[in-house]
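For reference, work15.cif is printed below; it contains mmCIF, C-alpha atoms.
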```cif
data_my_file
#
loop_
_atom_site.group_PDB
_atom_site.id
_atom_site.type_symbol
_atom_site.label_atom_id
_atom_site.label_comp_id
_atom_site.auth_asym_id
_atom_site.auth_seq_id
_atom_site.Cartn_x
_atom_site.Cartn_y
_atom_site.Cartn_z
ATOM 1 C CA MET A 620 125.956 100.062 107.948
ATOM 2 C CA ARG A 621 127.756 99.589 104.624
ATOM 3 C CA VAL A 622 128.346 96.276 102.895
ATOM 4 C CA THR A 623 130.838 95.945 100.045
ATOM 5 C CA LEU A 624 130.197 93.335 97.375
ATOM 6 C CA GLY A 625 132.949 93.318 94.777
ATOM 7 C CA GLU A 626 133.289 96.873 93.471
ATOM 8 C CA LEU A 627 129.926 98.025 94.871
ATOM 9 C CA THR A 628 129.183 99.313 98.351
ATOM 10 C CA PHE A 629 125.616 99.224 99.619
ATOM 11 C CA ASP A 630 124.004 101.293 102.354
ATOM 12 C CA VAL A 631 122.048 98.896 104.563
ATOM 13 C CA ALA A 632 119.692 99.860 107.387
ATOM 14 C CA THR A 633 119.557 97.234 110.112
ATOM 15 C CA GLY A 634 117.607 97.073 113.327
ATOM 16 C CA GLY A 635 115.896 94.890 115.888
ATOM 17 C CA PRO A 636 117.321 92.304 118.288
ATOM 18 C CA ASP A 637 120.732 90.957 117.297
ATOM 19 C CA GLY A 638 119.513 87.408 117.796
ATOM 20 C CA GLY A 639 116.193 87.912 116.045
ATOM 21 C CA ALA A 640 115.167 85.948 112.972
ATOM 22 C CA PRO A 641 116.345 87.976 109.948
ATOM 23 C CA VAL A 642 113.944 89.704 107.565
ATOM 24 C CA LEU A 643 115.191 91.115 104.257
ATOM 25 C CA LEU A 644 113.251 94.229 103.160
ATOM 26 C CA LEU A 645 113.497 95.154 99.470
ATOM 27 C CA HIS A 646 112.268 98.553 98.281
ATOM 28 C CA GLY A 647 110.907 99.546 94.887
ATOM 29 C CA PHE A 648 111.007 102.484 92.460
ATOM 30 C CA PRO A 649 111.583 105.339 93.042
ATOM 31 C CA GLU A 650 112.024 104.818 96.772
ATOM 32 C CA ASN A 651 114.754 103.564 99.108
ATOM 33 C CA SER A 652 114.980 101.697 102.397
ATOM 34 C CA ARG A 653 113.211 104.543 104.215
ATOM 35 C CA MET A 654 109.940 103.283 102.754
ATOM 36 C CA TRP A 655 109.931 100.668 105.526
ATOM 37 C CA ASP A 656 110.116 103.227 108.351
ATOM 38 C CA GLY A 657 106.515 102.623 109.363
ATOM 39 C CA VAL A 658 106.795 98.830 109.099
ATOM 40 C CA VAL A 659 109.988 97.967 110.948
ATOM 41 C CA PRO A 660 108.936 99.033 114.474
ATOM 42 C CA ARG A 661 106.251 96.323 114.478
ATOM 43 C CA LEU A 662 108.728 93.741 113.212
ATOM 44 C CA HIS A 663 111.278 94.710 115.858
ATOM 45 C CA ALA A 664 108.620 94.545 118.576
ATOM 46 C CA ALA A 665 107.928 90.976 117.448
ATOM 47 C CA GLY A 666 111.584 90.093 117.975
ATOM 48 C CA LEU A 667 112.708 90.165 114.357
ATOM 49 C CA ARG A 668 115.925 91.605 112.964
ATOM 50 C CA THR A 669 115.499 93.692 109.806
ATOM 51 C CA ILE A 670 117.950 94.210 106.951
ATOM 52 C CA ALA A 671 116.901 96.889 104.453
ATOM 53 C CA PRO A 672 119.426 97.727 101.713
ATOM 54 C CA ASP A 673 119.314 100.664 99.359
ATOM 55 C CA GLN A 674 119.497 98.479 96.299
ATOM 56 C CA ARG A 675 121.700 98.727 93.216
ATOM 57 C CA GLY A 676 121.526 102.230 91.781
ATOM 58 C CA TYR A 677 120.047 103.674 94.958
ATOM 59 C CA SER A 678 123.150 103.328 97.131
ATOM 60 C CA PRO A 679 125.610 106.004 95.907
ATOM 61 C CA GLY A 680 128.436 103.484 96.177
ATOM 62 C CA ALA A 681 126.567 100.908 94.087
ATOM 63 C CA ARG A 682 125.676 102.918 91.012
ATOM 64 C CA PRO A 683 127.331 101.464 87.905
ATOM 65 C CA THR A 684 126.797 103.490 84.746
ATOM 66 C CA GLU A 685 126.163 100.761 82.172
ATOM 67 C CA LYS A 686 122.549 99.721 81.623
ATOM 68 C CA SER A 687 123.395 96.015 81.524
ATOM 69 C CA ALA A 688 124.520 96.200 85.154
ATOM 70 C CA TYR A 689 120.863 96.466 86.170
ATOM 71 C CA ALA A 690 119.696 93.141 84.764
ATOM 72 C CA MET A 691 117.589 91.149 87.209
ATOM 73 C CA ALA A 692 120.267 88.473 87.570
ATOM 74 C CA GLU A 693 122.685 91.129 88.833
ATOM 75 C CA ILE A 694 120.161 92.512 91.317
ATOM 76 C CA VAL A 695 119.233 89.078 92.644
ATOM 77 C CA GLY A 696 122.956 88.449 92.961
ATOM 78 C CA ASP A 697 123.225 91.524 95.177
ATOM 79 C CA ALA A 698 120.634 90.091 97.561
ATOM 80 C CA LEU A 699 122.429 86.753 97.687
ATOM 81 C CA GLY A 700 125.743 88.512 98.213
ATOM 82 C CA LEU A 701 124.290 90.513 101.093
ATOM 83 C CA LEU A 702 123.049 87.332 102.754
ATOM 84 C CA ALA A 703 126.482 85.777 102.372
ATOM 85 C CA ALA A 704 128.231 88.867 103.736
ATOM 86 C CA LEU A 705 125.962 88.851 106.779
ATOM 87 C CA GLU A 706 126.328 85.071 107.143
ATOM 88 C CA LEU A 707 122.606 84.445 106.795
ATOM 89 C CA SER A 708 121.607 81.091 105.365
ATOM 90 C CA THR A 709 117.874 81.835 105.126
ATOM 91 C CA VAL A 710 115.666 84.902 105.562
ATOM 92 C CA ASP A 711 112.053 85.939 105.443
ATOM 93 C CA VAL A 712 111.626 88.379 102.558
ATOM 94 C CA ILE A 713 109.296 91.359 102.251
ATOM 95 C CA GLY A 714 109.396 93.272 98.962
ATOM 96 C CA HIS A 715 107.453 96.091 97.368
ATOM 97 C CA ASP A 716 107.220 97.042 93.676
ATOM 98 C CA TRP A 717 110.581 96.139 92.072
ATOM 99 C CA GLY A 718 111.576 94.776 95.471
ATOM 100 C CA ALA A 719 108.672 92.342 95.172
ATOM 101 C CA VAL A 720 109.989 91.280 91.750
ATOM 102 C CA VAL A 721 113.384 90.583 93.300
ATOM 103 C CA GLY A 722 111.635 88.651 96.073
ATOM 104 C CA TRP A 723 109.720 86.479 93.598
ATOM 105 C CA HIS A 724 112.944 85.688 91.729
ATOM 106 C CA LEU A 725 114.757 84.867 94.959
ATOM 107 C CA ALA A 726 111.964 82.585 96.143
ATOM 108 C CA ALA A 727 111.612 80.822 92.780
ATOM 109 C CA ARG A 728 115.291 80.465 91.899
ATOM 110 C CA HIS A 729 116.819 80.129 95.377
ATOM 111 C CA PRO A 730 114.106 78.646 97.601
ATOM 112 C CA GLU A 731 116.709 77.283 99.993
ATOM 113 C CA ARG A 732 117.524 80.888 100.976
ATOM 114 C CA VAL A 733 113.929 82.143 101.441
ATOM 115 C CA ARG A 734 111.846 80.943 104.365
ATOM 116 C CA THR A 735 108.750 82.988 103.501
ATOM 117 C CA LEU A 736 107.851 85.730 101.029
ATOM 118 C CA THR A 737 105.518 88.678 101.504
ATOM 119 C CA ALA A 738 105.170 90.501 98.178
ATOM 120 C CA VAL A 739 103.457 93.876 98.052
ATOM 121 C CA SER A 740 101.801 95.421 94.983
ATOM 122 C CA VAL A 741 103.568 93.455 92.214
ATOM 123 C CA PRO A 742 102.620 89.805 91.597
ATOM 124 C CA HIS A 743 104.754 86.933 90.364
ATOM 125 C CA PRO A 744 106.538 88.144 87.196
ATOM 126 C CA LEU A 745 104.869 85.484 85.031
ATOM 127 C CA ALA A 746 101.433 86.697 86.147
ATOM 128 C CA GLN A 747 102.406 90.288 85.391
ATOM 129 C CA SER A 748 103.892 89.339 82.024
ATOM 130 C CA ALA A 749 100.785 87.393 80.974
ATOM 131 C CA ALA A 750 98.528 90.297 81.898
ATOM 132 C CA MET A 751 100.703 92.737 79.959
ATOM 133 C CA ARG A 752 100.415 90.537 76.880
ATOM 134 C CA HIS A 753 96.720 89.715 76.984
ATOM 135 C CA ASP A 754 94.829 92.199 79.172
ATOM 136 C CA ALA A 755 93.997 95.593 77.672
ATOM 137 C CA ASP A 756 93.559 97.182 81.075
ATOM 138 C CA GLN A 757 97.020 96.063 82.193
ATOM 139 C CA GLN A 758 98.507 97.229 78.912
ATOM 140 C CA ARG A 759 97.179 100.724 79.614
ATOM 141 C CA ARG A 760 98.483 100.626 83.175
ATOM 142 C CA SER A 761 101.928 99.515 82.001
ATOM 143 C CA ALA A 762 102.321 102.093 79.224
ATOM 144 C CA TYR A 763 104.672 104.120 81.421
ATOM 145 C CA ILE A 764 107.284 101.351 81.201
ATOM 146 C CA ALA A 765 107.989 102.054 77.508
ATOM 147 C CA ALA A 766 108.352 105.741 78.343
ATOM 148 C CA PHE A 767 110.802 104.966 81.139
ATOM 149 C CA ARG A 768 112.948 102.852 78.816
ATOM 150 C CA VAL A 769 113.679 105.795 76.482
ATOM 151 C CA PRO A 770 117.170 107.199 77.135
ATOM 152 C CA GLU A 771 117.499 110.554 78.935
ATOM 153 C CA VAL A 772 114.000 111.898 78.213
ATOM 154 C CA PRO A 773 112.250 110.578 81.340
ATOM 155 C CA GLU A 774 114.999 111.940 83.581
ATOM 156 C CA ALA A 775 114.500 115.426 82.165
ATOM 157 C CA LYS A 776 110.724 115.262 82.451
ATOM 158 C CA LEU A 777 110.617 113.789 85.947
ATOM 159 C CA LEU A 778 113.169 116.232 87.391
ATOM 160 C CA ASP A 779 111.900 119.362 85.649
ATOM 161 C CA ASP A 780 110.235 122.097 87.707
ATOM 162 C CA GLY A 781 111.480 120.918 91.071
ATOM 163 C CA ALA A 782 110.837 117.244 90.240
ATOM 164 C CA ARG A 783 107.115 117.972 89.984
ATOM 165 C CA ARG A 784 106.315 114.913 87.874
ATOM 166 C CA LEU A 785 108.442 112.652 90.039
ATOM 167 C CA ARG A 786 106.510 113.825 93.074
ATOM 168 C CA ARG A 787 103.222 113.160 91.300
ATOM 169 C CA LEU A 788 104.124 109.470 90.995
ATOM 170 C CA PHE A 789 103.584 109.167 94.741
ATOM 171 C CA ARG A 790 99.979 110.317 94.759
ATOM 172 C CA PRO A 791 97.936 110.012 96.978
ATOM 173 C CA LEU A 792 100.725 110.278 99.571
ATOM 174 C CA PRO A 793 101.126 113.726 101.175
ATOM 175 C CA GLU A 794 103.774 115.704 99.292
ATOM 176 C CA ASP A 795 105.770 116.414 102.438
ATOM 177 C CA ASP A 796 106.133 112.665 103.005
ATOM 178 C CA VAL A 797 107.846 112.003 99.673
ATOM 179 C CA ASP A 798 110.849 114.309 100.112
ATOM 180 C CA VAL A 799 112.820 111.434 101.635
ATOM 181 C CA PHE A 800 112.495 109.636 98.290
ATOM 182 C CA VAL A 801 112.650 112.559 95.864
ATOM 183 C CA ARG A 802 115.754 114.262 97.247
ATOM 184 C CA PRO A 803 118.069 111.266 96.643
ATOM 185 C CA MET A 804 116.763 110.971 93.087
ATOM 186 C CA THR A 805 118.034 114.478 92.306
ATOM 187 C CA GLU A 806 121.640 113.408 92.938
ATOM 188 C CA GLU A 807 123.852 113.123 89.867
ATOM 189 C CA GLY A 808 123.109 109.855 88.059
ATOM 190 C CA ALA A 809 120.658 108.563 90.677
ATOM 191 C CA LEU A 810 117.456 108.708 88.630
ATOM 192 C CA THR A 811 119.197 107.255 85.578
ATOM 193 C CA ALA A 812 120.389 104.333 87.699
ATOM 194 C CA ALA A 813 116.874 103.766 89.066
ATOM 195 C CA LEU A 814 115.349 103.914 85.579
ATOM 196 C CA ASN A 815 117.968 101.467 84.323
ATOM 197 C CA TRP A 816 116.058 98.735 86.167
ATOM 198 C CA TYR A 817 113.358 99.249 83.527
ATOM 199 C CA ARG A 818 115.805 99.669 80.657
ATOM 200 C CA ALA A 819 117.688 96.478 81.467
ATOM 201 C CA ALA A 820 114.514 94.407 81.894
ATOM 202 C CA SER A 821 114.130 91.684 79.285
ATOM 203 C CA ARG A 822 112.041 88.656 78.465
ATOM 204 C CA ARG A 823 115.220 86.718 79.241
ATOM 205 C CA ASP A 824 114.639 87.558 82.905
ATOM 206 C CA LEU A 825 111.782 85.048 82.822
ATOM 207 C CA ASP A 826 113.823 82.201 81.340
ATOM 208 C CA GLY A 827 113.718 79.266 83.707
ATOM 209 C CA LEU A 828 111.563 81.142 86.202
ATOM 210 C CA GLY A 829 109.130 78.663 87.700
ATOM 211 C CA PRO A 830 106.470 78.783 90.374
ATOM 212 C CA VAL A 831 107.263 79.720 93.948
ATOM 213 C CA GLY A 832 107.084 76.879 96.421
ATOM 214 C CA VAL A 833 107.878 78.743 99.624
ATOM 215 C CA PRO A 834 104.976 80.019 101.781
ATOM 216 C CA SER A 835 103.940 83.318 100.219
ATOM 217 C CA THR A 836 101.501 86.172 100.699
ATOM 218 C CA TYR A 837 100.651 88.763 98.059
ATOM 219 C CA LEU A 838 99.072 92.121 98.972
ATOM 220 C CA TRP A 839 97.389 94.276 96.323
ATOM 221 C CA GLY A 840 95.529 97.572 96.609
ATOM 222 C CA THR A 841 92.497 97.923 94.371
ATOM 223 C CA GLU A 842 93.487 101.527 93.544
ATOM 224 C CA ASP A 843 96.972 100.550 92.349
ATOM 225 C CA ALA A 844 97.532 102.545 89.168
ATOM 226 C CA ALA A 845 100.255 100.194 87.898
ATOM 227 C CA VAL A 846 98.830 96.720 88.599
ATOM 228 C CA GLY A 847 95.316 95.657 87.633
ATOM 229 C CA ARG A 848 93.081 92.866 88.823
ATOM 230 C CA THR A 849 93.996 90.393 86.078
ATOM 231 C CA ALA A 850 97.670 90.397 87.065
ATOM 232 C CA ALA A 851 96.854 90.387 90.770
ATOM 233 C CA GLU A 852 94.452 87.465 90.611
ATOM 234 C CA GLY A 853 96.764 85.576 88.259
ATOM 235 C CA CYS A 854 99.475 85.462 90.903
ATOM 236 C CA ALA A 855 98.001 82.377 92.552
ATOM 237 C CA GLU A 856 98.655 80.329 89.407
ATOM 238 C CA HIS A 857 102.398 80.710 89.972
ATOM 239 C CA VAL A 858 102.655 79.712 93.632
ATOM 240 C CA THR A 859 102.664 76.029 94.587
ATOM 241 C CA GLY A 860 103.383 76.553 98.286
ATOM 242 C CA ASP A 861 100.969 77.838 100.887
ATOM 243 C CA PHE A 862 99.577 81.086 99.439
ATOM 244 C CA ALA A 863 97.382 83.959 100.561
ATOM 245 C CA PHE A 864 96.081 86.817 98.417
ATOM 246 C CA VAL A 865 95.197 89.883 100.488
ATOM 247 C CA GLU A 866 93.078 92.403 98.567
ATOM 248 C CA LEU A 867 93.062 95.922 100.006
ATOM 249 C CA PRO A 868 90.016 97.944 98.898
ATOM 250 C CA GLY A 869 90.695 101.616 98.310
ATOM 251 C CA VAL A 870 94.472 101.333 98.757
ATOM 252 C CA SER A 871 96.960 102.663 96.195
ATOM 253 C CA HIS A 872 100.294 101.297 95.005
ATOM 254 C CA TRP A 873 102.031 102.769 98.063
ATOM 255 C CA VAL A 874 100.758 100.169 100.520
ATOM 256 C CA PRO A 875 103.653 100.272 103.046
ATOM 257 C CA GLU A 876 103.316 104.027 103.440
ATOM 258 C CA GLN A 877 99.515 104.078 103.568
ATOM 259 C CA HIS A 878 99.083 101.041 105.811
ATOM 260 C CA PRO A 879 102.386 100.108 107.466
ATOM 261 C CA ASP A 880 100.704 98.321 110.376
ATOM 262 C CA LEU A 881 98.730 96.136 107.983
ATOM 263 C CA VAL A 882 101.849 95.258 106.005
ATOM 264 C CA ALA A 883 103.654 94.382 109.232
ATOM 265 C CA GLU A 884 100.744 92.332 110.593
ATOM 266 C CA THR A 885 100.342 90.436 107.330
ATOM 267 C CA ALA A 886 104.071 89.720 107.095
ATOM 268 C CA LEU A 887 104.186 88.611 110.723
ATOM 269 C CA ALA A 888 101.284 86.269 110.099
ATOM 270 C CA ARG A 889 103.082 84.752 107.109
ATOM 271 C CA ILE A 890 106.357 84.431 109.019
ATOM 272 C CA ALA A 891 104.574 82.759 111.946
ATOM 273 C CA GLY A 892 102.567 80.461 109.669
ATOM 274 C CA ARG A 893 99.242 81.951 110.755
ATOM 275 C CA PRO A 894 96.333 82.856 108.454
ATOM 276 C CA ALA A 895 96.891 86.116 106.597
ATOM 277 C CA ALA A 896 95.470 89.322 108.010
ATOM 278 C CA PRO A 897 92.172 90.340 106.357
#
```

Written as structure tokens, how would this file's structure read?
Amino acid sequence: MRVTLGELTFDVATGGPDGGAPVLLLHGFPENSRMWDGVVPRLHAAGLRTIAPDQRGYSPGARPTEKSAYAMAEIVGDALGLLAALELSTVDVIGHDWGAVVGWHLAARHPERVRTLTAVSVPHPLAQSAAMRHDADQQRRSAYIAAFRVPEVPEAKLLDDGARRLRRLFRPLPEDDVDVFVRPMTEEGALTAALNWYRAASRRDLDGLGPVGVPSTYLWGTEDAAVGRTAAEGCAEHVTGDFAFVELPGVSHWVPEQHPDLVAETALARIAGRPAAP
């Protein structure tokens, strides 16, 4: 389905029972809503209704050209606008990578709209920010962010030679499995829009951001190249509600693709108020 919010039109994948409790699924970089393909069947089988938008910059009809349009406040506003358009007062949220960041902001700034949060790979933004400032290991892991913020250069490098470097970002996923993400990024302006999430990011995004009080679970793979242990373990300091930290030995950044059943089981446990899956 398509949902129009102001001048932007978003592609939104929905599924599951019409009367099921709604779950908002938020993808990360450089993916799209198809990243949840392995997760949603389990959620539907449990009676839940899923709403998975291609977020700002990823939906062709929601791809503004100015960098400032990708500030976190704008992206959080998209999620709130989608809930309003679908007449949903509250949802359970599952987010990965940048989608997890959006989920943390939603849960912290608009707790009345978020029943539970399951965040995958990226911890609370204040935990990530602290690690980037003080932890040498996290600083090395996050060095790519400065490269992504440079105008034009990363687009050329990532798309050169059949998007070879863009494909390499998805290791250790099988190369054939990443076409569904890489092909859309080769469309005119698509990769620039996705990278603008990084370029628009600012310390101002953290202004007024407090701890999350809604029941939350955070999943982190020990082989995540982008997020180290200091940031992951620091997440608990920024959640005041019921919280579970699920560490996944040997798992990379691409948790939903590598272990979709585990993501679904852990999210279902959080939604049902049960102990988190091991």

*Contacts of A:Leu792 at 8 Å or less, counting all atoms listed in the file, minus same-chain residues fewer than 5 places along, as a PyMOL selection string?*
chain A and resi 797+873+876-877

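The space separating atom CA of A:Asp637 from atom CA of A:Leu705 comes to 11.9 Å.
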
*Please write as a VMD selection string the full residue list that the PyMOL selection byres ((chain A and resi 830-843) around 6) yields on this file.*
chain A and resid 726 to 727 735 to 740 829 844 to 846 857 to 872

Which residues would end up in the selection if the PyMOL selection byres ((chain A and resi 851) around 8) were applied here, given that I need the answer as a short mmCIF file (atom, residue, chain, number, x, y, z; two decimals) with C-alpha atoms, keeping the file's coordinate frame?
```
data_model
loop_
_atom_site.label_atom_id
_atom_site.label_comp_id
_atom_site.auth_asym_id
_atom_site.auth_seq_id
_atom_site.Cartn_x
_atom_site.Cartn_y
_atom_site.Cartn_z
CA VAL A 741 103.57 93.46 92.21
CA PRO A 742 102.62 89.80 91.60
CA ALA A 746 101.43 86.70 86.15
CA GLN A 747 102.41 90.29 85.39
CA TRP A 839 97.39 94.28 96.32
CA VAL A 846 98.83 96.72 88.60
CA GLY A 847 95.32 95.66 87.63
CA ARG A 848 93.08 92.87 88.82
CA THR A 849 94.00 90.39 86.08
CA ALA A 850 97.67 90.40 87.06
CA GLU A 852 94.45 87.46 90.61
CA GLY A 853 96.76 85.58 88.26
CA CYS A 854 99.48 85.46 90.90
#
```

*Find the residues near A:Ala690: any atom within 12 Å, counting all atoms listed in the file, skip ones fewer than 5 places away on the same chain, and give them as a ChimeraX atom specification.*
/A:675-676,683,685,695-697,721,812-825

Write the selection just made, keeping C-alpha atoms, as a PDB file, in the frame of the given file?
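Result saved to result.pdb:
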```pdb
ATOM      1  CA  ARG A 675     121.700  98.727  93.216  1.00  0.00           C
ATOM      2  CA  GLY A 676     121.526 102.230  91.781  1.00  0.00           C
ATOM      3  CA  PRO A 683     127.331 101.464  87.905  1.00  0.00           C
ATOM      4  CA  GLU A 685     126.163 100.761  82.172  1.00  0.00           C
ATOM      5  CA  VAL A 695     119.233  89.078  92.644  1.00  0.00           C
ATOM      6  CA  GLY A 696     122.956  88.449  92.961  1.00  0.00           C
ATOM      7  CA  ASP A 697     123.225  91.524  95.177  1.00  0.00           C
ATOM      8  CA  VAL A 721     113.384  90.583  93.300  1.00  0.00           C
ATOM      9  CA  ALA A 812     120.389 104.333  87.699  1.00  0.00           C
ATOM     10  CA  ALA A 813     116.874 103.766  89.066  1.00  0.00           C
ATOM     11  CA  LEU A 814     115.349 103.914  85.579  1.00  0.00           C
ATOM     12  CA  ASN A 815     117.968 101.467  84.323  1.00  0.00           C
ATOM     13  CA  TRP A 816     116.058  98.735  86.167  1.00  0.00           C
ATOM     14  CA  TYR A 817     113.358  99.249  83.527  1.00  0.00           C
ATOM     15  CA  ARG A 818     115.805  99.669  80.657  1.00  0.00           C
ATOM     16  CA  ALA A 819     117.688  96.478  81.467  1.00  0.00           C
ATOM     17  CA  ALA A 820     114.514  94.407  81.894  1.00  0.00           C
ATOM     18  CA  SER A 821     114.130  91.684  79.285  1.00  0.00           C
ATOM     19  CA  ARG A 822     112.041  88.656  78.465  1.00  0.00           C
ATOM     20  CA  ARG A 823     115.220  86.718  79.241  1.00  0.00           C
ATOM     21  CA  ASP A 824     114.639  87.558  82.905  1.00  0.00           C
ATOM     22  CA  LEU A 825     111.782  85.048  82.822  1.00  0.00           C
TER      23      LEU A 825
END
```

*Hey, which of A:Leu725, A:Leu788, A:Leu701, A:Val801 ends up closest to A:Pro744? Count all atoms listed in the file.*
A:Leu725

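Among the candidates A:Glu731, A:Glu771, A:Asp754, A:Asp716, the residue lying nearest to A:Gly808 is A:Glu771 (atoms considered: all atoms listed in the file).
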
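Relative to atom CA of A:Val882, atom CA of A:Val622 is found at 26.7 Å.
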
*Nearest residue to A:Asp656 from the set A:Ala775, A:Ala632, A:Ala692, A:Ala749 (distances using all atoms listed in the file)*: A:Ala632

*I need the residue set behind the PyMOL selection byres ((chain A and resi 658-663) around 8) for this file; please write it as a ChimeraX atom specification.*
/A:634-636,655-657,664-669,875,879-880,882-884,887

Taking all atoms of stretch 784-791 of chain A that the file lists, what box with edges along x, y and z, padded by 8 Å per side, do you get, with centre and edge lengths in Å to one decimal, as lines of an AutoDock Vina configuration file?
```
center_x = 103.2
center_y = 112.0
center_z = 92.4
size_x = 26.5
size_y = 21.7
size_z = 25.1
```

_For A:Phe629: contacts at 10 Å, only C-alpha atoms, fewer than 2 positions along chain excluded, given as a PyMOL selection string_ = chain A and resi 620-624+627+631-632+672-682+697+701

Stretch 700-757 of chain A written out with C-alpha atoms as a PDB file, in the first residue's frame:
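See out_4.pdb below for the written result:
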```pdb
ATOM      1  CA  GLY A 700       2.338  10.480  10.626  1.00  0.00           C
ATOM      2  CA  LEU A 701       2.026   6.881   9.460  1.00  0.00           C
ATOM      3  CA  LEU A 702       0.408   5.894  12.750  1.00  0.00           C
ATOM      4  CA  ALA A 703      -2.038   8.768  12.425  1.00  0.00           C
ATOM      5  CA  ALA A 704      -2.848   7.907   8.810  1.00  0.00           C
ATOM      6  CA  LEU A 705      -3.556   4.308   9.790  1.00  0.00           C
ATOM      7  CA  GLU A 706      -5.500   5.436  12.872  1.00  0.00           C
ATOM      8  CA  LEU A 707      -3.223   3.586  15.271  1.00  0.00           C
ATOM      9  CA  SER A 708      -2.930   5.039  18.748  1.00  0.00           C
ATOM     10  CA  THR A 709      -0.188   2.679  19.957  1.00  0.00           C
ATOM     11  CA  VAL A 710       2.057   0.055  18.362  1.00  0.00           C
ATOM     12  CA  ASP A 711       4.757  -2.408  19.251  1.00  0.00           C
ATOM     13  CA  VAL A 712       7.951  -1.335  17.490  1.00  0.00           C
ATOM     14  CA  ILE A 713      10.749  -3.470  16.069  1.00  0.00           C
ATOM     15  CA  GLY A 714      13.694  -1.617  14.524  1.00  0.00           C
ATOM     16  CA  HIS A 715      17.076  -2.531  13.117  1.00  0.00           C
ATOM     17  CA  ASP A 716      20.129  -0.296  12.594  1.00  0.00           C
ATOM     18  CA  TRP A 717      18.822   3.218  11.800  1.00  0.00           C
ATOM     19  CA  GLY A 718      15.343   1.792  12.320  1.00  0.00           C
ATOM     20  CA  ALA A 719      16.383   0.967  15.882  1.00  0.00           C
ATOM     21  CA  VAL A 720      17.517   4.585  16.327  1.00  0.00           C
ATOM     22  CA  VAL A 721      14.099   5.773  15.177  1.00  0.00           C
ATOM     23  CA  GLY A 722      12.513   3.282  17.578  1.00  0.00           C
ATOM     24  CA  TRP A 723      14.546   4.562  20.534  1.00  0.00           C
ATOM     25  CA  HIS A 724      13.547   8.148  19.725  1.00  0.00           C
ATOM     26  CA  LEU A 725       9.894   7.182  19.378  1.00  0.00           C
ATOM     27  CA  ALA A 726       9.906   5.305  22.678  1.00  0.00           C
ATOM     28  CA  ALA A 727      11.750   8.067  24.554  1.00  0.00           C
ATOM     29  CA  ARG A 728       9.962  11.084  23.092  1.00  0.00           C
ATOM     30  CA  HIS A 729       6.502   9.613  22.454  1.00  0.00           C
ATOM     31  CA  PRO A 730       6.058   6.787  24.967  1.00  0.00           C
ATOM     32  CA  GLU A 731       2.288   7.082  24.745  1.00  0.00           C
ATOM     33  CA  ARG A 732       2.513   5.761  21.163  1.00  0.00           C
ATOM     34  CA  VAL A 733       4.885   2.819  21.824  1.00  0.00           C
ATOM     35  CA  ARG A 734       3.684  -0.213  23.746  1.00  0.00           C
ATOM     36  CA  THR A 735       6.970  -2.129  23.542  1.00  0.00           C
ATOM     37  CA  LEU A 736      10.288  -1.740  21.731  1.00  0.00           C
ATOM     38  CA  THR A 737      12.537  -4.433  20.299  1.00  0.00           C
ATOM     39  CA  ALA A 738      15.746  -2.802  19.056  1.00  0.00           C
ATOM     40  CA  VAL A 739      18.194  -4.808  16.978  1.00  0.00           C
ATOM     41  CA  SER A 740      21.921  -4.085  16.610  1.00  0.00           C
ATOM     42  CA  VAL A 741      21.980  -0.384  17.584  1.00  0.00           C
ATOM     43  CA  PRO A 742      21.566   0.605  21.253  1.00  0.00           C
ATOM     44  CA  HIS A 743      19.990   3.699  22.755  1.00  0.00           C
ATOM     45  CA  PRO A 744      21.547   6.720  20.984  1.00  0.00           C
ATOM     46  CA  LEU A 745      23.025   8.079  24.227  1.00  0.00           C
ATOM     47  CA  ALA A 746      24.834   4.777  24.813  1.00  0.00           C
ATOM     48  CA  GLN A 747      26.154   4.816  21.254  1.00  0.00           C
ATOM     49  CA  SER A 748      27.190   8.464  21.515  1.00  0.00           C
ATOM     50  CA  ALA A 749      29.062   7.907  24.791  1.00  0.00           C
ATOM     51  CA  ALA A 750      30.938   4.950  23.337  1.00  0.00           C
ATOM     52  CA  MET A 751      31.887   6.943  20.244  1.00  0.00           C
ATOM     53  CA  ARG A 752      33.326   9.673  22.451  1.00  0.00           C
ATOM     54  CA  HIS A 753      35.200   7.572  24.983  1.00  0.00           C
ATOM     55  CA  ASP A 754      35.820   4.055  23.650  1.00  0.00           C
ATOM     56  CA  ALA A 755      38.681   3.580  21.189  1.00  0.00           C
ATOM     57  CA  ASP A 756      37.225   0.355  19.854  1.00  0.00           C
ATOM     58  CA  GLN A 757      33.900   2.027  19.061  1.00  0.00           C
TER      59      GLN A 757
END
```
